[in-house]
$ cat input-v8.txt   # compact mmCIF, C-alpha atoms (C1' of nucleotides)
# COMPACT_ATOMS: atom_id res chain seq x y z
CA MET J 1 91.96 328.90 -194.90
CA ASN J 2 89.00 326.53 -194.86
CA ILE J 3 85.52 327.46 -195.97
CA SER J 4 84.13 328.33 -192.53
CA ASP J 5 86.77 330.96 -191.94
CA ALA J 6 86.39 332.40 -195.41
CA ALA J 7 82.64 332.52 -194.94
CA ARG J 8 82.85 334.16 -191.54
CA LEU J 9 85.36 336.75 -192.68
CA SER J 10 83.36 337.62 -195.76
CA GLY J 11 79.98 337.66 -194.10
CA LEU J 12 78.50 334.78 -196.06
CA SER J 13 77.33 331.33 -195.05
CA ASN J 14 79.36 328.26 -195.99
CA LYS J 15 76.41 327.25 -198.08
CA MET J 16 76.39 330.37 -200.17
CA VAL J 17 80.13 330.29 -200.69
CA ARG J 18 79.74 326.83 -202.22
CA HIS J 19 76.68 327.99 -204.10
CA TYR J 20 78.46 330.95 -205.69
CA GLU J 21 81.16 328.56 -206.78
CA SER J 22 78.66 326.09 -208.21
CA VAL J 23 76.95 328.75 -210.32
CA GLY J 24 80.29 330.01 -211.62
CA LEU J 25 80.26 333.36 -209.84
CA ILE J 26 83.67 332.66 -208.33
CA ASN J 27 86.49 330.48 -209.51
CA PRO J 28 86.81 327.14 -207.76
CA PRO J 29 89.41 327.62 -205.03
CA ALA J 30 92.39 325.36 -204.47
CA ARG J 31 91.77 322.13 -202.64
CA SER J 32 93.71 320.42 -199.91
CA GLN J 33 94.74 316.79 -200.37
CA ALA J 34 91.56 315.78 -198.57
CA GLY J 35 89.50 317.87 -200.97
CA TYR J 36 88.89 320.78 -198.58
CA ARG J 37 88.45 324.14 -200.27
CA GLN J 38 91.39 326.46 -199.52
CA TYR J 39 90.81 330.22 -199.59
CA SER J 40 93.28 333.07 -199.83
CA GLN J 41 92.81 336.62 -198.60
CA ASN J 42 92.05 337.58 -202.20
CA ASN J 43 89.31 335.00 -202.25
CA VAL J 44 87.91 336.38 -199.02
CA ASP J 45 87.98 339.92 -200.40
CA GLU J 46 86.05 338.80 -203.42
CA LEU J 47 83.52 336.97 -201.26
CA ALA J 48 83.12 340.06 -199.10
CA PHE J 49 82.56 342.11 -202.24
CA ILE J 50 79.83 339.69 -203.22
CA ALA J 51 78.29 339.82 -199.75
CA HIS J 52 78.17 343.60 -199.86
CA ALA J 53 76.66 343.62 -203.32
CA ARG J 54 74.00 341.19 -202.15
CA THR J 55 72.99 343.45 -199.29
CA LEU J 56 72.35 346.10 -201.94
CA GLY J 57 70.14 343.63 -203.79
CA PHE J 58 72.31 343.06 -206.84
CA SER J 59 71.44 339.80 -208.57
CA ILE J 60 73.97 337.06 -209.17
CA ALA J 61 74.15 338.05 -212.82
CA GLN J 62 74.80 341.68 -211.98
CA ILE J 63 77.41 340.74 -209.43
CA SER J 64 79.05 338.63 -212.11
CA ASP J 65 79.30 341.77 -214.24
CA LEU J 66 80.60 343.78 -211.31
CA LEU J 67 83.26 341.17 -210.57
CA SER J 68 84.42 341.23 -214.18
CA LEU J 69 84.75 345.00 -214.01
CA ARG J 70 86.43 344.77 -210.64
CA HIS J 71 89.10 342.53 -212.11
CA ASP J 72 89.52 344.56 -215.29
CA PRO J 73 92.16 347.29 -214.92
CA HIS J 74 91.02 348.80 -218.23
CA ARG J 75 87.40 349.19 -217.18
CA ALA J 76 85.60 352.49 -217.53
CA SER J 77 83.72 353.63 -214.43
CA ARG J 78 80.90 354.38 -216.84
CA GLU J 79 80.31 350.64 -217.17
CA VAL J 80 80.17 350.12 -213.44
CA LYS J 81 77.81 353.03 -213.09
CA ALA J 82 75.58 351.60 -215.80
CA VAL J 83 75.22 348.31 -213.91
CA ALA J 84 74.38 350.18 -210.74
CA GLN J 85 71.86 352.37 -212.52
CA ARG J 86 70.15 349.38 -214.05
CA HIS J 87 69.83 347.90 -210.61
CA LEU J 88 68.58 351.19 -209.21
CA GLN J 89 65.89 351.18 -211.86
CA GLU J 90 64.88 347.68 -210.84
CA LEU J 91 64.66 348.76 -207.23
CA GLU J 92 62.49 351.67 -208.23
CA ASP J 93 60.24 349.43 -210.29
CA LYS J 94 59.79 347.13 -207.34
CA MET J 95 59.05 350.04 -205.06
CA GLN J 96 56.52 351.34 -207.54
CA GLU J 97 54.78 347.98 -207.56
CA LEU J 98 54.80 347.81 -203.77
CA ARG J 99 53.42 351.33 -203.61
CA ARG J 100 50.59 350.33 -205.93
CA MET J 101 49.72 347.37 -203.74
CA LYS J 102 50.07 349.42 -200.59
CA THR J 103 47.75 352.17 -201.82
CA LEU J 104 45.03 349.76 -202.85
CA LEU J 105 45.38 347.80 -199.65
CA GLN J 106 45.22 350.92 -197.49
CA ASP J 107 42.07 352.04 -199.25
CA MET J 108 40.45 348.70 -198.62
CA ILE J 109 41.56 348.59 -195.01
CA ALA J 110 40.15 352.06 -194.46
CA LYS J 111 36.77 350.91 -195.72
CA CYS J 112 36.62 347.84 -193.48
CA PRO J 113 34.90 348.57 -190.17
CA GLY J 114 36.98 345.97 -188.33
CA ASP J 115 34.22 345.07 -185.91
CA ASP J 116 32.26 341.90 -185.07
CA ASP J 117 30.06 342.19 -188.13
CA PRO J 118 30.72 339.89 -191.10
CA HIS J 119 30.36 342.74 -193.60
CA CYS J 120 33.79 343.64 -194.92
CA ALA J 121 34.81 345.90 -197.79
CA ILE J 122 38.09 344.04 -198.18
CA LEU J 123 36.38 340.79 -199.08
CA GLN J 124 33.90 342.67 -201.25
CA GLU J 125 36.57 344.38 -203.27
CA LEU J 126 38.52 341.17 -203.70
CA GLU J 127 35.40 339.75 -205.35
CA VAL J 128 35.26 342.67 -207.76
CA PRO J 129 38.52 344.55 -207.58
CA ASP J 130 37.41 347.05 -210.22
CA THR J 131 35.82 349.16 -207.51
CA ALA J 132 39.33 350.03 -206.45
CA VAL J 133 40.67 350.49 -209.98
CA PRO J 134 38.42 353.06 -211.66
CA GLY J 135 40.52 353.09 -214.84
CA LYS J 136 39.72 349.46 -215.57
CA SER J 137 36.27 348.75 -216.98
CA VAL J 138 34.19 345.74 -216.07
CA SER J 139 34.80 342.88 -218.48
CA ASP J 140 31.98 340.39 -217.95
CA PRO J 141 28.65 342.26 -217.88
CA GLU J 142 26.62 339.18 -218.86
CA ARG J 143 27.16 337.68 -215.43
CA THR J 144 25.03 340.48 -214.00
CA SER J 145 22.00 338.29 -214.65
CA MET D 1 33.48 324.31 -217.68
CA ASN D 2 37.01 323.05 -218.39
CA ILE D 3 40.13 324.48 -216.84
CA SER D 4 41.02 326.83 -219.69
CA ASP D 5 37.71 328.65 -219.46
CA ALA D 6 37.87 328.85 -215.70
CA ALA D 7 41.40 330.17 -215.91
CA ARG D 8 40.55 332.76 -218.54
CA LEU D 9 37.47 333.97 -216.68
CA SER D 10 39.29 334.24 -213.39
CA GLY D 11 42.44 335.81 -214.77
CA LEU D 12 44.76 332.99 -213.85
CA SER D 13 46.83 330.59 -215.94
CA ASN D 14 45.81 326.94 -216.23
CA LYS D 15 49.03 326.16 -214.49
CA MET D 16 48.28 328.24 -211.45
CA VAL D 17 44.75 326.90 -211.16
CA ARG D 18 46.19 323.40 -210.91
CA HIS D 19 48.90 324.65 -208.59
CA TYR D 20 46.43 326.23 -206.16
CA GLU D 21 44.57 322.96 -206.11
CA SER D 22 47.74 320.95 -205.52
CA VAL D 23 48.74 323.07 -202.53
CA GLY D 24 45.25 322.80 -201.04
CA LEU D 25 44.24 326.42 -201.52
CA ILE D 26 41.09 325.37 -203.36
CA ASN D 27 39.07 322.18 -203.16
CA PRO D 28 39.60 319.72 -205.97
CA PRO D 29 36.83 320.36 -208.49
CA ALA D 30 34.57 317.71 -209.96
CA ARG D 31 35.99 315.62 -212.77
CA SER D 32 34.45 314.50 -216.03
CA GLN D 33 34.51 310.81 -216.90
CA ALA D 34 37.72 311.44 -218.80
CA GLY D 35 39.26 313.05 -215.74
CA TYR D 36 38.91 316.67 -216.90
CA ARG D 37 38.46 319.20 -214.12
CA GLN D 38 34.97 320.70 -214.15
CA TYR D 39 34.48 324.19 -212.76
CA SER D 40 31.30 325.94 -211.67
CA GLN D 41 30.66 329.66 -211.55
CA ASN D 42 31.32 329.48 -207.81
CA ASN D 43 34.69 327.95 -208.53
CA VAL D 44 35.47 330.72 -211.00
CA ASP D 45 34.45 333.37 -208.47
CA GLU D 46 36.79 331.86 -205.93
CA LEU D 47 39.61 331.70 -208.47
CA ALA D 48 39.01 335.33 -209.39
CA PHE D 49 39.12 336.22 -205.70
CA ILE D 50 42.49 334.50 -205.50
CA ALA D 51 43.72 336.26 -208.61
CA HIS D 52 42.78 339.65 -207.19
CA ALA D 53 44.40 338.87 -203.85
CA ARG D 54 47.58 337.87 -205.67
CA THR D 55 47.75 341.20 -207.50
CA LEU D 56 47.76 342.79 -204.05
CA GLY D 57 50.68 340.60 -203.08
CA PHE D 58 48.93 338.39 -200.52
CA SER D 59 50.78 335.12 -200.01
CA ILE D 60 49.16 331.75 -200.54
CA ALA D 61 48.91 331.28 -196.78
CA GLN D 62 47.22 334.64 -196.33
CA ILE D 63 44.84 333.94 -199.17
CA SER D 64 44.01 330.67 -197.50
CA ASP D 65 43.01 332.64 -194.42
CA LEU D 66 41.01 335.09 -196.52
CA LEU D 67 39.17 332.27 -198.26
CA SER D 68 38.23 330.73 -194.93
CA LEU D 69 36.84 334.06 -193.78
CA ARG D 70 35.12 334.57 -197.10
CA HIS D 71 33.26 331.28 -196.65
CA ASP D 72 32.46 331.86 -193.00
CA PRO D 73 29.15 333.67 -192.49
CA HIS D 74 30.00 334.18 -188.82
CA ARG D 75 33.28 335.93 -189.47
CA ALA D 76 34.09 339.27 -187.90
CA SER D 77 35.39 341.90 -190.31
CA ARG D 78 38.03 342.52 -187.65
CA GLU D 79 39.66 339.25 -188.61
CA VAL D 80 39.75 340.13 -192.27
CA LYS D 81 41.17 343.52 -191.46
CA ALA D 82 43.85 341.92 -189.32
CA VAL D 83 45.02 339.76 -192.22
CA ALA D 84 45.13 342.79 -194.49
CA GLN D 85 47.02 344.82 -191.93
CA ARG D 86 49.59 342.11 -191.46
CA HIS D 87 50.14 342.07 -195.19
CA LEU D 88 50.33 345.85 -195.27
CA GLN D 89 53.05 345.69 -192.66
CA GLU D 90 54.95 343.20 -194.80
CA LEU D 91 54.66 345.50 -197.78
CA GLU D 92 55.98 348.37 -195.70
CA ASP D 93 58.87 346.27 -194.45
CA LYS D 94 59.79 345.39 -197.99
CA MET D 95 59.57 349.01 -199.08
CA GLN D 96 61.74 349.99 -196.15
CA GLU D 97 64.35 347.47 -197.24
CA LEU D 98 64.19 348.66 -200.83
CA ARG D 99 64.50 352.25 -199.66
CA ARG D 100 67.61 351.34 -197.70
CA MET D 101 69.17 349.73 -200.75
CA LYS D 102 68.09 352.57 -202.98
CA THR D 103 69.58 355.25 -200.75
CA LEU D 104 72.92 353.49 -200.49
CA LEU D 105 72.98 352.79 -204.19
CA GLN D 106 72.13 356.37 -205.10
CA ASP D 107 74.92 357.64 -202.89
CA MET D 108 77.38 355.34 -204.56
CA ILE D 109 76.18 356.20 -208.04
CA ALA D 110 76.51 359.89 -207.27
CA LYS D 111 80.14 359.39 -206.30
CA CYS D 112 81.03 357.47 -209.46
CA PRO D 113 82.32 359.77 -212.21
CA GLY D 114 80.96 357.51 -214.94
CA ASP D 115 83.74 358.32 -217.37
CA ASP D 116 86.48 356.33 -219.15
CA ASP D 117 88.64 356.16 -216.08
CA PRO D 118 88.81 352.88 -214.15
CA HIS D 119 88.48 354.66 -210.81
CA CYS D 120 85.00 354.03 -209.43
CA ALA D 121 83.53 354.74 -206.02
CA ILE D 122 80.95 352.01 -206.47
CA LEU D 123 83.55 349.28 -206.67
CA GLN D 124 85.50 350.91 -203.86
CA GLU D 125 82.55 350.97 -201.51
CA LEU D 126 81.62 347.40 -202.34
CA GLU D 127 85.07 346.45 -201.10
CA VAL D 128 84.47 348.29 -197.83
CA PRO D 129 80.77 349.05 -197.56
CA ASP D 130 81.09 350.64 -194.11
CA THR D 131 81.93 353.95 -195.70
CA ALA D 132 78.29 354.13 -196.77
CA VAL D 133 76.83 352.83 -193.50
CA PRO D 134 77.96 355.17 -190.74
CA GLY D 135 75.65 353.58 -188.16
CA LYS D 136 77.33 350.23 -188.49
CA SER D 137 80.65 349.96 -186.73
CA VAL D 138 83.65 348.60 -188.53
CA SER D 139 84.26 344.94 -187.75
CA ASP D 140 87.75 344.44 -189.11
CA PRO D 141 89.74 347.52 -188.16
CA GLU D 142 93.08 345.86 -188.66
CA ARG D 143 92.56 345.84 -192.41
CA THR D 144 92.24 349.66 -192.40
CA SER D 145 95.98 349.80 -193.08
C1' DG P 1 35.46 305.52 -239.51
C1' DC P 2 39.68 308.15 -239.45
C1' DT P 3 42.49 312.08 -239.01
C1' DT P 4 43.67 316.34 -237.11
C1' DG P 5 44.02 319.87 -233.92
C1' DA P 6 42.82 321.61 -229.68
C1' DC P 7 42.23 320.44 -225.43
C1' DC P 8 43.17 317.79 -221.08
C1' DT P 9 46.17 314.95 -217.77
C1' DT P 10 50.49 314.17 -214.83
C1' DG P 11 55.14 314.91 -213.84
C1' DC P 12 59.55 316.88 -214.06
C1' DC P 13 62.84 320.87 -214.55
C1' DA P 14 63.88 325.82 -214.24
C1' DC P 15 64.21 330.27 -212.03
C1' DC P 16 66.47 332.93 -207.45
C1' DA P 17 68.71 332.85 -203.15
C1' DT P 18 68.78 330.51 -199.24
C1' DG P 19 68.38 326.99 -195.47
C1' DG P 20 68.29 322.27 -193.76
C1' DC P 21 69.45 317.53 -193.44
C1' DA P 22 71.90 313.30 -194.20
C1' DA P 23 75.65 310.25 -195.09
C1' DG P 24 80.18 309.95 -195.34
C1' DG P 25 85.39 311.50 -195.06
C1' DT P 26 89.22 314.32 -192.42
C1' DT P 27 91.63 316.45 -188.90
C1' DG P 28 93.40 317.53 -184.57
C1' DA P 29 93.40 317.22 -179.63
C1' DG P 30 93.16 314.45 -175.57
C1' DC H 1 91.93 305.38 -180.56
C1' DT H 2 88.21 308.15 -179.94
C1' DC H 3 85.51 312.15 -180.26
C1' DA H 4 84.20 316.56 -181.76
C1' DA H 5 84.43 319.69 -185.13
C1' DC H 6 85.15 320.26 -189.39
C1' DC H 7 84.73 319.12 -194.45
C1' DT H 8 82.46 316.90 -198.69
C1' DT H 9 78.39 316.00 -201.93
C1' DG H 10 73.69 315.66 -202.83
C1' DC H 11 68.91 316.09 -202.15
C1' DC H 12 64.68 318.62 -200.53
C1' DA H 13 62.23 322.90 -199.25
C1' DT H 14 60.76 327.59 -199.70
C1' DG H 15 57.19 330.81 -203.31
C1' DG H 16 55.08 331.62 -207.45
C1' DT H 17 55.48 330.95 -211.95
C1' DG H 18 56.71 329.11 -216.60
C1' DG H 19 58.05 325.42 -219.86
C1' DC H 20 58.26 320.92 -221.81
C1' DA H 21 57.11 316.14 -222.65
C1' DA H 22 54.33 312.10 -223.05
C1' DG H 23 50.07 310.51 -223.14
C1' DG H 24 44.66 310.58 -223.17
C1' DT H 25 40.15 312.90 -225.02
C1' DC H 26 37.04 315.16 -227.80
C1' DA H 27 34.82 317.39 -231.64
C1' DA H 28 34.79 318.71 -236.32
C1' DG H 29 35.67 317.74 -241.11
C1' DC H 30 36.13 314.41 -244.62
$ encode --input "input-v8.txt" --output "structure tokens"
Amino acid sequence: MNISDAARLSGLSNKMVRHYESVGLINPPARSQAGYRQYSQNNVDELAFIAHARTLGFSIAQISDLLSLRHDPHRASREVKAVAQRHLQELEDKMQELRRMKTLLQDMIAKCPGDDDPHCAILQELEVPDTAVPGKSVSDPERTS
Amino acid sequence: MNISDAARLSGLSNKMVRHYESVGLINPPARSQAGYRQYSQNNVDELAFIAHARTLGFSIAQISDLLSLRHDPHRASREVKAVAQRHLQELEDKMQELRRMKTLLQDMIAKCPGDDDPHCAILQELEVPDTAVPGKSVSDPERTS
DNA sequence: GCTTGACCTTGCCACCATGGCAAGGTTGAG
DNA sequence: CTCAACCTTGCCATGGTGGCAAGGTCAAGC
């Protein structure tokens, strides 16, 4: 099977299949005499595994770990779970950060009249964001001259 | 004022100050005879504005729009609000995507015993992710053997 | 005046995951 | 034999940031 078929069956682009090979995520497949990459069903399964892990947001490094565990008959499911939990934590951290941004942004949007007048709380608060972060004290009082 | 002071006062790194200049986000500042960038308080204010917008996750392109509005005395706050609302929508889209990943991942984690046994639902579902996505129809039914 | 250290300059490489393009080789069908 | 559809490699781009290197500048101490 050539790369286009393997890519289509696994749900990846040709590009990414080559990329995953180049970064060592997958073993280089066999080559035809002309140098074409030749994929087996096992290869396709592994690529599909990668594609699915990517849709869950796992990084290349994490997928590398998952692939090792996948191929290890003596693995403990504890190890797999640990990788997943680390990733879950990362997702939650990102969500937390997005929530922080979202909250601040919503506050600012609520204060902006959104009319024809140039006055806008959003621009004002971007000048001095501390108005939206009460916990943070002003750091340069000498500029209040 | 040299770049290090401007960067420190605005909350950016020297690197990013130069970067924002190189991508045209800010006007090139004056230069000393030796070629050192010279920043005014106005420059620092603008850099601080950028720094604050970045902590809210605005992209360079969006900040470019915000800076134009900031400098335009005839702006309508409606326009500013529109930029902010677009960004808010992007944040919500990202959160939505993270939530999707998180939900799937949590389901899988819950099904994994996390013991010494090699059997693991996480690896299983990464082979055939459709088990976790009931809304998505199976695309390769012949492999359900 | 000279040295030294702290600053400045530009430019390149790296991340991460992905897409695009280009120049060239291969294969199979008509 | 030709043509289209495939394959190859390699480079550039995204976005925002950091790092490093090689070179110039400046001010302070001696």
$ closest_atom_pairs --input "input-v8.txt" --of "chain P" --to "chain D" --cutoff "9 Å" --atoms "all atoms listed in the file" --output "CSV"
residue,atom,partner,partner_atom,distance
P:DC7,C1',D:Ser4,CA,8.7
P:DC8,C1',D:Tyr36,CA,6.1
P:DT9,C1',D:Gly35,CA,7.4
$ closest_residue --input "input-v8.txt" --among "J:Ile60, J:Val17, J:Leu9, J:Ala30" --to "chain D" --atoms "all atoms listed in the file"
J:Leu9
$ calpha_fit_and_write --input "input-v8.txt" --fixed "chain D" --moving "chain J" --output "CSV table (one decimal) with C-alpha atoms, keeping the file's coordinate frame"
chain,number,residue,atom,x,y,z
J,1,MET,CA,33.6,324.1,-217.7
J,2,ASN,CA,37.1,322.9,-218.4
J,3,ILE,CA,40.2,324.4,-216.8
J,4,SER,CA,41.1,326.7,-219.7
J,5,ASP,CA,37.8,328.5,-219.5
J,6,ALA,CA,37.9,328.7,-215.7
J,7,ALA,CA,41.4,330.1,-215.9
J,8,ARG,CA,40.5,332.6,-218.5
J,9,LEU,CA,37.4,333.8,-216.7
J,10,SER,CA,39.3,334.1,-213.4
J,11,GLY,CA,42.4,335.7,-214.8
J,12,LEU,CA,44.7,332.9,-213.8
J,13,SER,CA,46.8,330.5,-215.9
J,14,ASN,CA,45.8,326.9,-216.2
J,15,LYS,CA,49.1,326.1,-214.4
J,16,MET,CA,48.3,328.2,-211.4
J,17,VAL,CA,44.7,326.8,-211.1
J,18,ARG,CA,46.2,323.3,-210.8
J,19,HIS,CA,48.9,324.6,-208.5
J,20,TYR,CA,46.4,326.2,-206.1
J,21,GLU,CA,44.6,322.9,-206.1
J,22,SER,CA,47.8,321.0,-205.4
J,23,VAL,CA,48.7,323.1,-202.4
J,24,GLY,CA,45.2,322.8,-201.0
J,25,LEU,CA,44.2,326.4,-201.5
J,26,ILE,CA,41.0,325.3,-203.3
J,27,ASN,CA,39.1,322.1,-203.1
J,28,PRO,CA,39.6,319.7,-205.9
J,29,PRO,CA,36.9,320.3,-208.5
J,30,ALA,CA,34.7,317.6,-209.9
J,31,ARG,CA,36.1,315.5,-212.7
J,32,SER,CA,34.6,314.3,-216.0
J,33,GLN,CA,34.7,310.6,-216.8
J,34,ALA,CA,38.0,311.3,-218.7
J,35,GLY,CA,39.5,312.9,-215.6
J,36,TYR,CA,39.1,316.5,-216.8
J,37,ARG,CA,38.6,319.1,-214.1
J,38,GLN,CA,35.1,320.5,-214.2
J,39,TYR,CA,34.5,324.0,-212.8
J,40,SER,CA,31.3,325.8,-211.7
J,41,GLN,CA,30.7,329.5,-211.6
J,42,ASN,CA,31.3,329.3,-207.9
J,43,ASN,CA,34.7,327.8,-208.6
J,44,VAL,CA,35.4,330.6,-211.0
J,45,ASP,CA,34.4,333.2,-208.5
J,46,GLU,CA,36.7,331.8,-206.0
J,47,LEU,CA,39.6,331.6,-208.5
J,48,ALA,CA,38.9,335.2,-209.4
J,49,PHE,CA,39.0,336.2,-205.8
J,50,ILE,CA,42.4,334.5,-205.5
J,51,ALA,CA,43.7,336.2,-208.7
J,52,HIS,CA,42.7,339.6,-207.3
J,53,ALA,CA,44.3,338.9,-203.9
J,54,ARG,CA,47.5,337.9,-205.7
J,55,THR,CA,47.6,341.2,-207.6
J,56,LEU,CA,47.6,342.8,-204.1
J,57,GLY,CA,50.5,340.6,-203.1
J,58,PHE,CA,48.8,338.4,-200.6
J,59,SER,CA,50.6,335.2,-200.0
J,60,ILE,CA,49.1,331.8,-200.5
J,61,ALA,CA,48.8,331.4,-196.8
J,62,GLN,CA,47.1,334.7,-196.3
J,63,ILE,CA,44.7,334.0,-199.2
J,64,SER,CA,43.9,330.7,-197.5
J,65,ASP,CA,42.8,332.7,-194.4
J,66,LEU,CA,40.9,335.1,-196.6
J,67,LEU,CA,39.1,332.3,-198.3
J,68,SER,CA,38.1,330.7,-195.0
J,69,LEU,CA,36.7,334.1,-193.9
J,70,ARG,CA,35.0,334.5,-197.2
J,71,HIS,CA,33.2,331.2,-196.7
J,72,ASP,CA,32.3,331.8,-193.1
J,73,PRO,CA,29.0,333.6,-192.6
J,74,HIS,CA,29.8,334.2,-189.0
J,75,ARG,CA,33.1,336.0,-189.6
J,76,ALA,CA,33.8,339.3,-188.1
J,77,SER,CA,35.2,341.9,-190.5
J,78,ARG,CA,37.7,342.6,-187.8
J,79,GLU,CA,39.4,339.3,-188.7
J,80,VAL,CA,39.5,340.2,-192.4
J,81,LYS,CA,40.9,343.6,-191.6
J,82,ALA,CA,43.6,342.0,-189.4
J,83,VAL,CA,44.8,339.9,-192.3
J,84,ALA,CA,44.9,342.9,-194.6
J,85,GLN,CA,46.7,344.9,-192.0
J,86,ARG,CA,49.3,342.2,-191.5
J,87,HIS,CA,49.9,342.2,-195.2
J,88,LEU,CA,50.1,346.0,-195.4
J,89,GLN,CA,52.8,345.8,-192.7
J,90,GLU,CA,54.7,343.4,-194.8
J,91,LEU,CA,54.4,345.6,-197.8
J,92,GLU,CA,55.7,348.5,-195.8
J,93,ASP,CA,58.6,346.5,-194.5
J,94,LYS,CA,59.5,345.6,-198.0
J,95,MET,CA,59.3,349.2,-199.1
J,96,GLN,CA,61.4,350.2,-196.2
J,97,GLU,CA,64.1,347.7,-197.2
J,98,LEU,CA,63.9,348.9,-200.9
J,99,ARG,CA,64.2,352.5,-199.7
J,100,ARG,CA,67.3,351.6,-197.7
J,101,MET,CA,68.9,350.0,-200.8
J,102,LYS,CA,67.8,352.8,-203.0
J,103,THR,CA,69.3,355.5,-200.8
J,104,LEU,CA,72.6,353.8,-200.5
J,105,LEU,CA,72.7,353.0,-204.2
J,106,GLN,CA,71.8,356.6,-205.2
J,107,ASP,CA,74.6,357.9,-202.9
J,108,MET,CA,77.1,355.6,-204.6
J,109,ILE,CA,75.9,356.4,-208.1
J,110,ALA,CA,76.2,360.1,-207.3
J,111,LYS,CA,79.8,359.6,-206.4
J,112,CYS,CA,80.8,357.7,-209.5
J,113,PRO,CA,82.0,360.0,-212.3
J,114,GLY,CA,80.7,357.7,-215.0
J,115,ASP,CA,83.5,358.5,-217.4
J,116,ASP,CA,86.2,356.6,-219.2
J,117,ASP,CA,88.4,356.4,-216.1
J,118,PRO,CA,88.6,353.2,-214.1
J,119,HIS,CA,88.2,355.0,-210.8
J,120,CYS,CA,84.8,354.3,-209.4
J,121,ALA,CA,83.3,355.0,-206.0
J,122,ILE,CA,80.7,352.3,-206.5
J,123,LEU,CA,83.3,349.6,-206.6
J,124,GLN,CA,85.3,351.2,-203.8
J,125,GLU,CA,82.3,351.3,-201.5
J,126,LEU,CA,81.4,347.7,-202.3
J,127,GLU,CA,84.9,346.8,-201.0
J,128,VAL,CA,84.3,348.6,-197.8
J,129,PRO,CA,80.6,349.4,-197.5
J,130,ASP,CA,81.1,351.1,-194.1
J,131,THR,CA,81.8,354.3,-195.8
J,132,ALA,CA,78.2,354.4,-196.7
J,133,VAL,CA,76.9,353.3,-193.3
J,134,PRO,CA,78.4,355.6,-190.8
J,135,GLY,CA,76.6,354.0,-187.9
J,136,LYS,CA,78.4,350.7,-188.4
J,137,SER,CA,82.0,350.6,-187.1
J,138,VAL,CA,84.8,348.8,-188.9
J,139,SER,CA,85.2,345.3,-187.6
J,140,ASP,CA,88.6,344.1,-188.8
J,141,PRO,CA,91.2,346.7,-188.1
J,142,GLU,CA,94.1,344.2,-188.1
J,143,ARG,CA,93.9,343.9,-191.8
J,144,THR,CA,95.0,347.5,-192.1
J,145,SER,CA,98.6,346.2,-192.1
$ closest_atom_pairs --input "input-v8.txt" --of "chain D" --to "chain J" --cutoff "6 Å" --atoms "all atoms listed in the file" --output "CSV"
residue,atom,partner,partner_atom,distance
D:Phe49,CA,J:Glu127,CA,5.1
D:His52,CA,J:Leu126,CA,5.7
D:Leu56,CA,J:Met101,CA,5.0
D:Arg75,CA,J:Pro118,CA,5.0
D:Ala76,CA,J:Asp116,CA,4.3
D:Ser77,CA,J:Gly114,CA,4.8
D:Arg78,CA,J:Gly114,CA,3.7
D:Lys81,CA,J:Gly114,CA,5.8
D:Met101,CA,J:Leu56,CA,5.0
D:Gly114,CA,J:Arg78,CA,3.7
D:Asp115,CA,J:Arg78,CA,4.9
D:Asp116,CA,J:Ala76,CA,4.3
D:Asp117,CA,J:Ala76,CA,5.0
D:Pro118,CA,J:Ala76,CA,4.7
D:Cys120,CA,J:Ser77,CA,5.2
D:Leu126,CA,J:Phe49,CA,5.4
D:Glu127,CA,J:Phe49,CA,5.1
$ atom_distance --input "input-v8.txt" --atom1 "atom C1' of DT26 of chain P" --atom2 "atom CA of Gln33 of chain J"
10.0 Å
$ atom_distance --input "input-v8.txt" --atom1 "atom C1' of DC11 of chain H" --atom2 "atom CA of Ser13 of chain D"
29.8 Å
$ atom_distance --input "input-v8.txt" --atom1 "atom CA of Ser22 of chain D" --atom2 "atom C1' of DT10 of chain P"
11.8 Å
$ closest_residue --input "input-v8.txt" --among "J:Arg18, J:Asn42, J:Leu12, J:Asp93" --to "chain H" --atoms "only C-alpha atoms (C1' of nucleotides)"
J:Arg18
$ interface_residues --input "input-v8.txt" --of "chain H" --to "chain D" --cutoff "12 Å" --atoms "only C-alpha atoms (C1' of nucleotides)" --output "list in words"
DG15, DG16, DT17, DG18, DG19, DG24, DT25 and DC26 of chain H
$ residues_around --input "input-v8.txt" --residues "DA21 of chain H" --least-positions-apart "4" --cutoff "12 Å" --atoms "all atoms listed in the file" --output "ChimeraX atom specification"
/P:10-13
$ axis_aligned_box --input "input-v8.txt" --around "segment 100-115 of chain D" --padding-each-side "3 Å" --output "lines of an AutoDock Vina configuration file"
center_x = 75.7
center_y = 354.8
center_z = -207.5
size_x = 22.1
size_y = 16.2
size_z = 25.7
